[in-house]
Structures are given as C-alpha cells and as structure tokens.
>>> print(open('my_file.cif').read())   # mmCIF, N, CA, C and O atoms
data_upload
loop_
_atom_site.group_PDB
_atom_site.id
_atom_site.type_symbol
_atom_site.label_atom_id
_atom_site.label_comp_id
_atom_site.auth_asym_id
_atom_site.auth_seq_id
_atom_site.Cartn_x
_atom_site.Cartn_y
_atom_site.Cartn_z
ATOM 1 N N MET T 1 -20.763 -56.059 236.277
ATOM 2 C CA MET T 1 -19.795 -57.039 236.673
ATOM 3 C C MET T 1 -20.385 -57.953 237.731
ATOM 4 O O MET T 1 -20.135 -59.134 237.711
ATOM 5 N N GLY T 2 -21.161 -57.442 238.650
ATOM 6 C CA GLY T 2 -21.731 -58.279 239.696
ATOM 7 C C GLY T 2 -20.659 -58.770 240.658
ATOM 8 O O GLY T 2 -19.570 -58.252 240.699
ATOM 9 N N ASP T 3 -20.977 -59.789 241.421
ATOM 10 C CA ASP T 3 -20.035 -60.360 242.369
ATOM 11 C C ASP T 3 -18.992 -61.172 241.594
ATOM 12 O O ASP T 3 -19.321 -62.173 240.968
ATOM 13 N N PRO T 4 -17.713 -60.773 241.633
ATOM 14 C CA PRO T 4 -16.705 -61.462 240.834
ATOM 15 C C PRO T 4 -16.215 -62.783 241.431
ATOM 16 O O PRO T 4 -15.616 -63.585 240.722
ATOM 17 N N VAL T 5 -16.469 -63.041 242.709
ATOM 18 C CA VAL T 5 -15.969 -64.262 243.339
ATOM 19 C C VAL T 5 -16.594 -65.495 242.683
ATOM 20 O O VAL T 5 -17.796 -65.555 242.446
ATOM 21 N N ASN T 6 -15.765 -66.467 242.338
ATOM 22 C CA ASN T 6 -16.112 -67.718 241.654
ATOM 23 C C ASN T 6 -16.464 -67.541 240.181
ATOM 24 O O ASN T 6 -16.868 -68.498 239.535
ATOM 25 N N LYS T 7 -16.318 -66.364 239.645
ATOM 26 C CA LYS T 7 -16.563 -66.138 238.220
ATOM 27 C C LYS T 7 -15.415 -66.764 237.413
ATOM 28 O O LYS T 7 -14.258 -66.676 237.790
ATOM 29 N N ILE T 8 -15.749 -67.431 236.305
ATOM 30 C CA ILE T 8 -14.751 -68.022 235.412
ATOM 31 C C ILE T 8 -14.466 -67.020 234.304
ATOM 32 O O ILE T 8 -15.392 -66.513 233.665
ATOM 33 N N VAL T 9 -13.185 -66.717 234.089
ATOM 34 C CA VAL T 9 -12.773 -65.781 233.056
ATOM 35 C C VAL T 9 -11.637 -66.412 232.250
ATOM 36 O O VAL T 9 -10.998 -67.358 232.701
ATOM 37 N N THR T 10 -11.397 -65.911 231.053
ATOM 38 C CA THR T 10 -10.251 -66.362 230.262
ATOM 39 C C THR T 10 -9.285 -65.205 230.098
ATOM 40 O O THR T 10 -9.691 -64.036 230.095
ATOM 41 N N GLY T 11 -8.021 -65.533 229.974
ATOM 42 C CA GLY T 11 -7.006 -64.507 229.816
ATOM 43 C C GLY T 11 -5.785 -65.053 229.118
ATOM 44 O O GLY T 11 -5.724 -66.236 228.780
ATOM 45 N N ASN T 12 -4.818 -64.174 228.910
ATOM 46 C CA ASN T 12 -3.556 -64.533 228.256
ATOM 47 C C ASN T 12 -2.392 -64.235 229.182
ATOM 48 O O ASN T 12 -2.331 -63.157 229.787
ATOM 49 N N ILE T 13 -1.464 -65.179 229.258
ATOM 50 C CA ILE T 13 -0.246 -64.967 230.032
ATOM 51 C C ILE T 13 0.616 -63.972 229.253
ATOM 52 O O ILE T 13 0.961 -64.209 228.097
ATOM 53 N N PHE T 14 0.943 -62.830 229.880
ATOM 54 C CA PHE T 14 1.728 -61.826 229.170
ATOM 55 C C PHE T 14 3.124 -61.647 229.752
ATOM 56 O O PHE T 14 3.989 -61.009 229.134
ATOM 57 N N HIS T 15 3.390 -62.228 230.930
ATOM 58 C CA HIS T 15 4.711 -62.084 231.551
ATOM 59 C C HIS T 15 4.874 -63.215 232.558
ATOM 60 O O HIS T 15 3.902 -63.643 233.173
ATOM 61 N N ILE T 16 6.104 -63.682 232.720
ATOM 62 C CA ILE T 16 6.390 -64.743 233.684
ATOM 63 C C ILE T 16 7.653 -64.371 234.448
ATOM 64 O O ILE T 16 8.663 -63.988 233.840
ATOM 65 N N VAL T 17 7.586 -64.461 235.772
ATOM 66 C CA VAL T 17 8.752 -64.267 236.629
ATOM 67 C C VAL T 17 8.839 -65.484 237.535
ATOM 68 O O VAL T 17 7.945 -65.697 238.363
ATOM 69 N N ASP T 18 9.903 -66.277 237.354
ATOM 70 C CA ASP T 18 10.054 -67.539 238.074
ATOM 71 C C ASP T 18 8.790 -68.375 237.859
ATOM 72 O O ASP T 18 8.485 -68.722 236.731
ATOM 73 N N ASP T 19 8.018 -68.654 238.911
ATOM 74 C CA ASP T 19 6.779 -69.417 238.763
ATOM 75 C C ASP T 19 5.529 -68.548 238.900
ATOM 76 O O ASP T 19 4.433 -69.057 239.088
ATOM 77 N N ASP T 20 5.685 -67.226 238.803
ATOM 78 C CA ASP T 20 4.539 -66.313 238.844
ATOM 79 C C ASP T 20 4.098 -65.984 237.426
ATOM 80 O O ASP T 20 4.894 -65.514 236.607
ATOM 81 N N LEU T 21 2.827 -66.245 237.143
ATOM 82 C CA LEU T 21 2.248 -65.959 235.828
ATOM 83 C C LEU T 21 1.440 -64.668 235.913
ATOM 84 O O LEU T 21 0.557 -64.540 236.758
ATOM 85 N N TYR T 22 1.726 -63.723 235.052
ATOM 86 C CA TYR T 22 0.974 -62.470 234.986
ATOM 87 C C TYR T 22 -0.020 -62.623 233.846
ATOM 88 O O TYR T 22 0.366 -62.835 232.694
ATOM 89 N N ILE T 23 -1.302 -62.516 234.193
ATOM 90 C CA ILE T 23 -2.360 -62.848 233.238
ATOM 91 C C ILE T 23 -3.291 -61.654 233.046
ATOM 92 O O ILE T 23 -3.834 -61.119 234.009
ATOM 93 N N ASP T 24 -3.472 -61.257 231.792
ATOM 94 C CA ASP T 24 -4.421 -60.204 231.440
ATOM 95 C C ASP T 24 -5.730 -60.872 231.060
ATOM 96 O O ASP T 24 -5.779 -61.675 230.136
ATOM 97 N N PHE T 25 -6.797 -60.559 231.807
ATOM 98 C CA PHE T 25 -8.092 -61.153 231.490
ATOM 99 C C PHE T 25 -9.165 -60.102 231.257
ATOM 100 O O PHE T 25 -10.349 -60.365 231.323
ATOM 101 N N GLY T 26 -8.722 -58.876 230.937
ATOM 102 C CA GLY T 26 -9.638 -57.840 230.487
ATOM 103 C C GLY T 26 -10.249 -56.969 231.563
ATOM 104 O O GLY T 26 -11.054 -56.097 231.242
ATOM 105 N N TRP T 27 -9.905 -57.174 232.810
ATOM 106 C CA TRP T 27 -10.417 -56.297 233.862
ATOM 107 C C TRP T 27 -9.412 -55.178 234.081
ATOM 108 O O TRP T 27 -8.378 -55.122 233.435
ATOM 109 N N LYS T 28 -9.702 -54.263 234.981
ATOM 110 C CA LYS T 28 -8.823 -53.117 235.212
ATOM 111 C C LYS T 28 -7.431 -53.546 235.643
ATOM 112 O O LYS T 28 -6.440 -52.954 235.259
ATOM 113 N N PHE T 29 -7.341 -54.596 236.458
ATOM 114 C CA PHE T 29 -6.061 -55.089 236.948
ATOM 115 C C PHE T 29 -5.800 -56.476 236.394
ATOM 116 O O PHE T 29 -6.729 -57.218 236.109
ATOM 117 N N HIS T 30 -4.540 -56.824 236.258
ATOM 118 C CA HIS T 30 -4.211 -58.183 235.826
ATOM 119 C C HIS T 30 -4.138 -59.099 237.045
ATOM 120 O O HIS T 30 -4.236 -58.659 238.177
ATOM 121 N N CYS T 31 -3.955 -60.360 236.788
ATOM 122 C CA CYS T 31 -3.894 -61.376 237.829
ATOM 123 C C CYS T 31 -2.478 -61.941 237.877
ATOM 124 O O CYS T 31 -1.825 -62.084 236.852
ATOM 125 N N VAL T 32 -2.016 -62.246 239.084
ATOM 126 C CA VAL T 32 -0.745 -62.939 239.258
ATOM 127 C C VAL T 32 -1.054 -64.262 239.939
ATOM 128 O O VAL T 32 -1.615 -64.294 241.028
ATOM 129 N N CYS T 33 -0.717 -65.371 239.268
ATOM 130 C CA CYS T 33 -0.970 -66.714 239.788
ATOM 131 C C CYS T 33 0.326 -67.500 239.786
ATOM 132 O O CYS T 33 1.198 -67.276 238.955
ATOM 133 N N THR T 34 0.417 -68.443 240.689
ATOM 134 C CA THR T 34 1.547 -69.363 240.698
ATOM 135 C C THR T 34 1.343 -70.421 239.613
ATOM 136 O O THR T 34 0.236 -70.930 239.446
ATOM 137 N N ARG T 35 2.403 -70.729 238.891
ATOM 138 C CA ARG T 35 2.330 -71.738 237.835
ATOM 139 C C ARG T 35 1.962 -73.089 238.454
ATOM 140 O O ARG T 35 2.598 -73.532 239.405
ATOM 141 N N PRO T 36 0.932 -73.758 237.937
ATOM 142 C CA PRO T 36 0.557 -75.080 238.452
ATOM 143 C C PRO T 36 1.674 -76.094 238.194
ATOM 144 O O PRO T 36 2.376 -76.010 237.189
ATOM 145 N N GLN T 37 1.845 -77.049 239.084
ATOM 146 C CA GLN T 37 2.860 -78.087 238.895
ATOM 147 C C GLN T 37 2.455 -79.056 237.790
ATOM 148 O O GLN T 37 3.290 -79.536 237.041
ATOM 149 N N GLN T 38 1.153 -79.334 237.696
ATOM 150 C CA GLN T 38 0.666 -80.239 236.654
ATOM 151 C C GLN T 38 0.712 -79.523 235.302
ATOM 152 O O GLN T 38 0.209 -78.408 235.166
ATOM 153 N N ASN T 39 1.314 -80.139 234.309
ATOM 154 C CA ASN T 39 1.444 -79.568 232.962
ATOM 155 C C ASN T 39 2.122 -78.200 232.972
ATOM 156 O O ASN T 39 1.769 -77.315 232.188
ATOM 157 N N ALA T 40 3.107 -78.021 233.835
ATOM 158 C CA ALA T 40 3.760 -76.720 234.011
ATOM 159 C C ALA T 40 4.329 -76.160 232.706
ATOM 160 O O ALA T 40 4.316 -74.942 232.493
ATOM 161 N N ASP T 41 4.797 -77.033 231.816
ATOM 162 C CA ASP T 41 5.391 -76.573 230.557
ATOM 163 C C ASP T 41 4.380 -75.953 229.601
ATOM 164 O O ASP T 41 4.757 -75.277 228.644
ATOM 165 N N ASP T 42 3.088 -76.163 229.836
ATOM 166 C CA ASP T 42 2.047 -75.580 228.982
ATOM 167 C C ASP T 42 1.814 -74.097 229.275
ATOM 168 O O ASP T 42 1.207 -73.394 228.471
ATOM 169 N N TYR T 43 2.278 -73.627 230.435
ATOM 170 C CA TYR T 43 2.016 -72.254 230.865
ATOM 171 C C TYR T 43 3.169 -71.360 230.438
ATOM 172 O O TYR T 43 4.083 -71.080 231.202
ATOM 173 N N ILE T 44 3.104 -70.908 229.184
ATOM 174 C CA ILE T 44 4.134 -70.063 228.602
ATOM 175 C C ILE T 44 3.525 -68.724 228.200
ATOM 176 O O ILE T 44 2.298 -68.582 228.136
ATOM 177 N N ARG T 45 4.394 -67.740 227.937
ATOM 178 C CA ARG T 45 3.899 -66.426 227.525
ATOM 179 C C ARG T 45 3.091 -66.574 226.244
ATOM 180 O O ARG T 45 3.475 -67.285 225.317
ATOM 181 N N GLY T 46 1.908 -65.952 226.228
ATOM 182 C CA GLY T 46 1.015 -66.019 225.082
ATOM 183 C C GLY T 46 -0.049 -67.101 225.198
ATOM 184 O O GLY T 46 -1.002 -67.107 224.423
ATOM 185 N N ALA T 47 0.096 -68.007 226.165
ATOM 186 C CA ALA T 47 -0.898 -69.077 226.337
ATOM 187 C C ALA T 47 -2.214 -68.495 226.843
ATOM 188 O O ALA T 47 -2.239 -67.579 227.657
ATOM 189 N N ARG T 48 -3.304 -69.043 226.350
ATOM 190 C CA ARG T 48 -4.647 -68.643 226.800
ATOM 191 C C ARG T 48 -5.051 -69.590 227.924
ATOM 192 O O ARG T 48 -4.914 -70.807 227.792
ATOM 193 N N VAL T 49 -5.528 -69.027 229.042
ATOM 194 C CA VAL T 49 -5.871 -69.828 230.217
ATOM 195 C C VAL T 49 -7.246 -69.434 230.753
ATOM 196 O O VAL T 49 -7.723 -68.329 230.509
ATOM 197 N N LYS T 50 -7.879 -70.368 231.455
ATOM 198 C CA LYS T 50 -9.121 -70.088 232.166
ATOM 199 C C LYS T 50 -8.787 -69.886 233.637
ATOM 200 O O LYS T 50 -7.947 -70.599 234.188
ATOM 201 N N LEU T 51 -9.460 -68.932 234.258
ATOM 202 C CA LEU T 51 -9.246 -68.614 235.666
ATOM 203 C C LEU T 51 -10.576 -68.592 236.398
ATOM 204 O O LEU T 51 -11.592 -68.195 235.828
ATOM 205 N N ARG T 52 -10.552 -68.980 237.651
ATOM 206 C CA ARG T 52 -11.701 -68.790 238.529
ATOM 207 C C ARG T 52 -11.301 -67.728 239.547
ATOM 208 O O ARG T 52 -10.323 -67.894 240.264
ATOM 209 N N VAL T 53 -12.044 -66.625 239.588
ATOM 210 C CA VAL T 53 -11.744 -65.561 240.541
ATOM 211 C C VAL T 53 -12.011 -66.113 241.937
ATOM 212 O O VAL T 53 -13.111 -66.536 242.244
ATOM 213 N N LYS T 54 -10.969 -66.112 242.738
ATOM 214 C CA LYS T 54 -11.019 -66.764 244.040
ATOM 215 C C LYS T 54 -11.166 -65.779 245.186
ATOM 216 O O LYS T 54 -11.853 -66.059 246.152
ATOM 217 N N ASP T 55 -10.512 -64.645 245.066
ATOM 218 C CA ASP T 55 -10.442 -63.736 246.207
ATOM 219 C C ASP T 55 -10.189 -62.325 245.703
ATOM 220 O O ASP T 55 -9.606 -62.138 244.644
ATOM 221 N N LEU T 56 -10.635 -61.363 246.452
ATOM 222 C CA LEU T 56 -10.326 -59.966 246.174
ATOM 223 C C LEU T 56 -9.341 -59.512 247.243
ATOM 224 O O LEU T 56 -9.602 -59.683 248.429
ATOM 225 N N GLU T 57 -8.215 -58.976 246.815
ATOM 226 C CA GLU T 57 -7.213 -58.509 247.764
ATOM 227 C C GLU T 57 -7.354 -57.022 247.969
ATOM 228 O O GLU T 57 -7.728 -56.294 247.061
ATOM 229 N N LEU T 58 -6.977 -56.574 249.143
ATOM 230 C CA LEU T 58 -7.066 -55.162 249.492
ATOM 231 C C LEU T 58 -6.060 -54.343 248.696
ATOM 232 O O LEU T 58 -4.909 -54.697 248.578
ATOM 233 N N SER T 59 -6.503 -53.253 248.159
ATOM 234 C CA SER T 59 -5.664 -52.304 247.442
ATOM 235 C C SER T 59 -6.133 -50.921 247.875
ATOM 236 O O SER T 59 -6.584 -50.752 248.981
ATOM 237 N N SER T 60 -6.063 -49.958 246.994
ATOM 238 C CA SER T 60 -6.566 -48.638 247.354
ATOM 239 C C SER T 60 -7.857 -48.355 246.596
ATOM 240 O O SER T 60 -8.126 -48.925 245.549
ATOM 241 N N LYS T 61 -8.651 -47.463 247.140
ATOM 242 C CA LYS T 61 -9.923 -47.113 246.497
ATOM 243 C C LYS T 61 -9.665 -46.292 245.240
ATOM 244 O O LYS T 61 -8.698 -45.558 245.151
ATOM 245 N N PHE T 62 -10.518 -46.436 244.260
ATOM 246 C CA PHE T 62 -10.400 -45.637 243.054
ATOM 247 C C PHE T 62 -11.784 -45.336 242.498
ATOM 248 O O PHE T 62 -12.748 -46.045 242.781
ATOM 249 N N LEU T 63 -11.882 -44.289 241.742
ATOM 250 C CA LEU T 63 -13.113 -43.866 241.084
ATOM 251 C C LEU T 63 -14.300 -43.757 242.031
ATOM 252 O O LEU T 63 -15.419 -44.095 241.679
ATOM 253 N N GLY T 64 -14.040 -43.316 243.273
ATOM 254 C CA GLY T 64 -15.121 -43.109 244.216
ATOM 255 C C GLY T 64 -15.716 -44.370 244.797
ATOM 256 O O GLY T 64 -16.730 -44.332 245.480
ATOM 257 N N SER T 65 -15.126 -45.512 244.550
ATOM 258 C CA SER T 65 -15.651 -46.769 245.066
ATOM 259 C C SER T 65 -15.578 -46.803 246.589
ATOM 260 O O SER T 65 -14.650 -46.269 247.184
ATOM 261 N N GLU T 66 -16.558 -47.410 247.203
ATOM 262 C CA GLU T 66 -16.540 -47.582 248.653
ATOM 263 C C GLU T 66 -15.795 -48.846 249.040
ATOM 264 O O GLU T 66 -15.604 -49.118 250.213
ATOM 265 N N LYS T 67 -15.382 -49.630 248.066
ATOM 266 C CA LYS T 67 -14.741 -50.917 248.309
ATOM 267 C C LYS T 67 -13.346 -50.925 247.694
ATOM 268 O O LYS T 67 -13.161 -50.461 246.580
ATOM 269 N N ASP T 68 -12.344 -51.432 248.444
ATOM 270 C CA ASP T 68 -11.003 -51.598 247.907
ATOM 271 C C ASP T 68 -10.937 -52.933 247.206
ATOM 272 O O ASP T 68 -11.403 -53.935 247.724
ATOM 273 N N LEU T 69 -10.337 -52.990 245.992
ATOM 274 C CA LEU T 69 -10.184 -54.305 245.378
ATOM 275 C C LEU T 69 -9.115 -54.357 244.318
ATOM 276 O O LEU T 69 -8.848 -53.414 243.620
ATOM 277 N N THR T 70 -8.445 -55.501 244.272
ATOM 278 C CA THR T 70 -7.634 -55.966 243.159
ATOM 279 C C THR T 70 -8.056 -57.422 242.994
ATOM 280 O O THR T 70 -8.863 -57.912 243.771
ATOM 281 N N THR T 71 -7.506 -58.126 242.041
ATOM 282 C CA THR T 71 -7.991 -59.492 241.819
ATOM 283 C C THR T 71 -6.898 -60.529 241.927
ATOM 284 O O THR T 71 -5.762 -60.288 241.570
ATOM 285 N N THR T 72 -7.267 -61.686 242.427
ATOM 286 C CA THR T 72 -6.435 -62.877 242.357
ATOM 287 C C THR T 72 -7.317 -63.987 241.850
ATOM 288 O O THR T 72 -8.534 -63.925 241.951
ATOM 289 N N ALA T 73 -6.721 -64.993 241.299
ATOM 290 C CA ALA T 73 -7.504 -66.084 240.738
ATOM 291 C C ALA T 73 -6.720 -67.382 240.823
ATOM 292 O O ALA T 73 -5.540 -67.389 241.102
ATOM 293 N N THR T 74 -7.408 -68.462 240.556
ATOM 294 C CA THR T 74 -6.765 -69.759 240.448
ATOM 295 C C THR T 74 -6.970 -70.277 239.047
ATOM 296 O O THR T 74 -7.890 -69.862 238.356
ATOM 297 N N GLN T 75 -6.121 -71.196 238.624
ATOM 298 C CA GLN T 75 -6.254 -71.757 237.280
ATOM 299 C C GLN T 75 -6.923 -73.085 237.352
ATOM 300 O O GLN T 75 -6.930 -73.750 238.322
#
>>> encode(input="my_file.cif", output="structure tokens")
Amino acid sequence: MGDPVNKIVTGNIFHIVDDDLYIDFGWKFHCVCTRPQQNADDYIRGARVKLRVKDLELSSKFLGSEKDLTTTATQ
C-alpha cells in the first residue's frame, strides 16, 4: 500500500445521509465525505467517484499495527 496520503483511488457511493457520502473504495475502511456543492445532483447512491486520500484519522490499532488509522478523502 505504501504511503496512502495523496493517493488517488476510485470508489462507489453506497450510502448517503444528508450531505455525507459513504464511499467504498476497496480498503479495510470506507470513506465518509461531504457532498460537493458543484454538481451535487451527480453524487447519488451507486455513482462511481475518484478520491484523493487527504488525511489519516486516529482510530484504534488492529492486526498488531504500530500505527492507528482510518481514512478520509476529498473528491
């Protein structure tokens, strides 16, 4: 996997709550992003989107990892 920061990935929107998009992009955890204001109507369940991994948020350690991580991204 290497350093995930700034990596471009593709995923599918699988759930939407208000303006929060839940996106599965094939990693252990999914991503939650705010729906962009530009072309907002294009971001519907089932849509395929490109994401740039922007930041790793603190979570709990798993599988013996020395680093805590979950993922967030931007569209």
>>> atom_distance(input="my_file.cif", atom1="atom CA of T:Lys54", atom2="atom C of T:Asp18")
20.8 Å
>>> resolve_selection(input="my_file.cif", expression="the PyMOL selection byres ((chain T and resi 33) around 5)", output="number ranges by chain")
T: 19-21, 31-32, 34-35, 73
>>> resolve_selection(input="my_file.cif", expression="the PyMOL selection byres ((chain T and resi 13) around 4.5)", output="PyMOL selection string")
chain T and resi 11-12+14-15+22-23+45-47
>>> atom_distance(input="my_file.cif", atom1="atom O of T:Arg52", atom2="atom CA of T:Trp27")
13.2 Å
>>> select_by_dssp(input="my_file.cif", residues="stretch 15-61 of chain T", states="strand (DSSP E)", output="list of chain:residue names")
T:His15, T:Ile16, T:Val17, T:Asp20, T:Leu21, T:Tyr22, T:Ile23, T:Asp24, T:Cys31, T:Val32, T:Cys33, T:Thr34, T:Arg48, T:Val49, T:Lys50, T:Leu51, T:Arg52, T:Val53, T:Lys54, T:Asp55, T:Leu56, T:Glu57
>>> atom_distance(input="my_file.cif", atom1="atom CA of T:Asn6", atom2="atom CA of T:Val53")
5.0 Å
>>> resolve_selection(input="my_file.cif", expression="the PyMOL selection byres (((chain T and resi 9 and name CA) around 7) and name CA)", output="list in words")
Lys7, Ile8, Thr10, Gly11, Phe25, Lys50, Leu51 and Arg52 of chain T
>>> write_last_selection(input="my_file.cif", atoms="N, CA, C and O atoms", output="short mmCIF file (atom, residue, chain, number, x, y, z; two decimals), in the frame of the given file")
data_model
loop_
_atom_site.label_atom_id
_atom_site.label_comp_id
_atom_site.auth_asym_id
_atom_site.auth_seq_id
_atom_site.Cartn_x
_atom_site.Cartn_y
_atom_site.Cartn_z
N LYS T 7 -16.32 -66.36 239.64
CA LYS T 7 -16.56 -66.14 238.22
C LYS T 7 -15.42 -66.76 237.41
O LYS T 7 -14.26 -66.68 237.79
N ILE T 8 -15.75 -67.43 236.30
CA ILE T 8 -14.75 -68.02 235.41
C ILE T 8 -14.47 -67.02 234.30
O ILE T 8 -15.39 -66.51 233.66
N THR T 10 -11.40 -65.91 231.05
CA THR T 10 -10.25 -66.36 230.26
C THR T 10 -9.28 -65.20 230.10
O THR T 10 -9.69 -64.04 230.10
N GLY T 11 -8.02 -65.53 229.97
CA GLY T 11 -7.01 -64.51 229.82
C GLY T 11 -5.78 -65.05 229.12
O GLY T 11 -5.72 -66.24 228.78
N PHE T 25 -6.80 -60.56 231.81
CA PHE T 25 -8.09 -61.15 231.49
C PHE T 25 -9.16 -60.10 231.26
O PHE T 25 -10.35 -60.36 231.32
N LYS T 50 -7.88 -70.37 231.46
CA LYS T 50 -9.12 -70.09 232.17
C LYS T 50 -8.79 -69.89 233.64
O LYS T 50 -7.95 -70.60 234.19
N LEU T 51 -9.46 -68.93 234.26
CA LEU T 51 -9.25 -68.61 235.67
C LEU T 51 -10.58 -68.59 236.40
O LEU T 51 -11.59 -68.19 235.83
N ARG T 52 -10.55 -68.98 237.65
CA ARG T 52 -11.70 -68.79 238.53
C ARG T 52 -11.30 -67.73 239.55
O ARG T 52 -10.32 -67.89 240.26
#
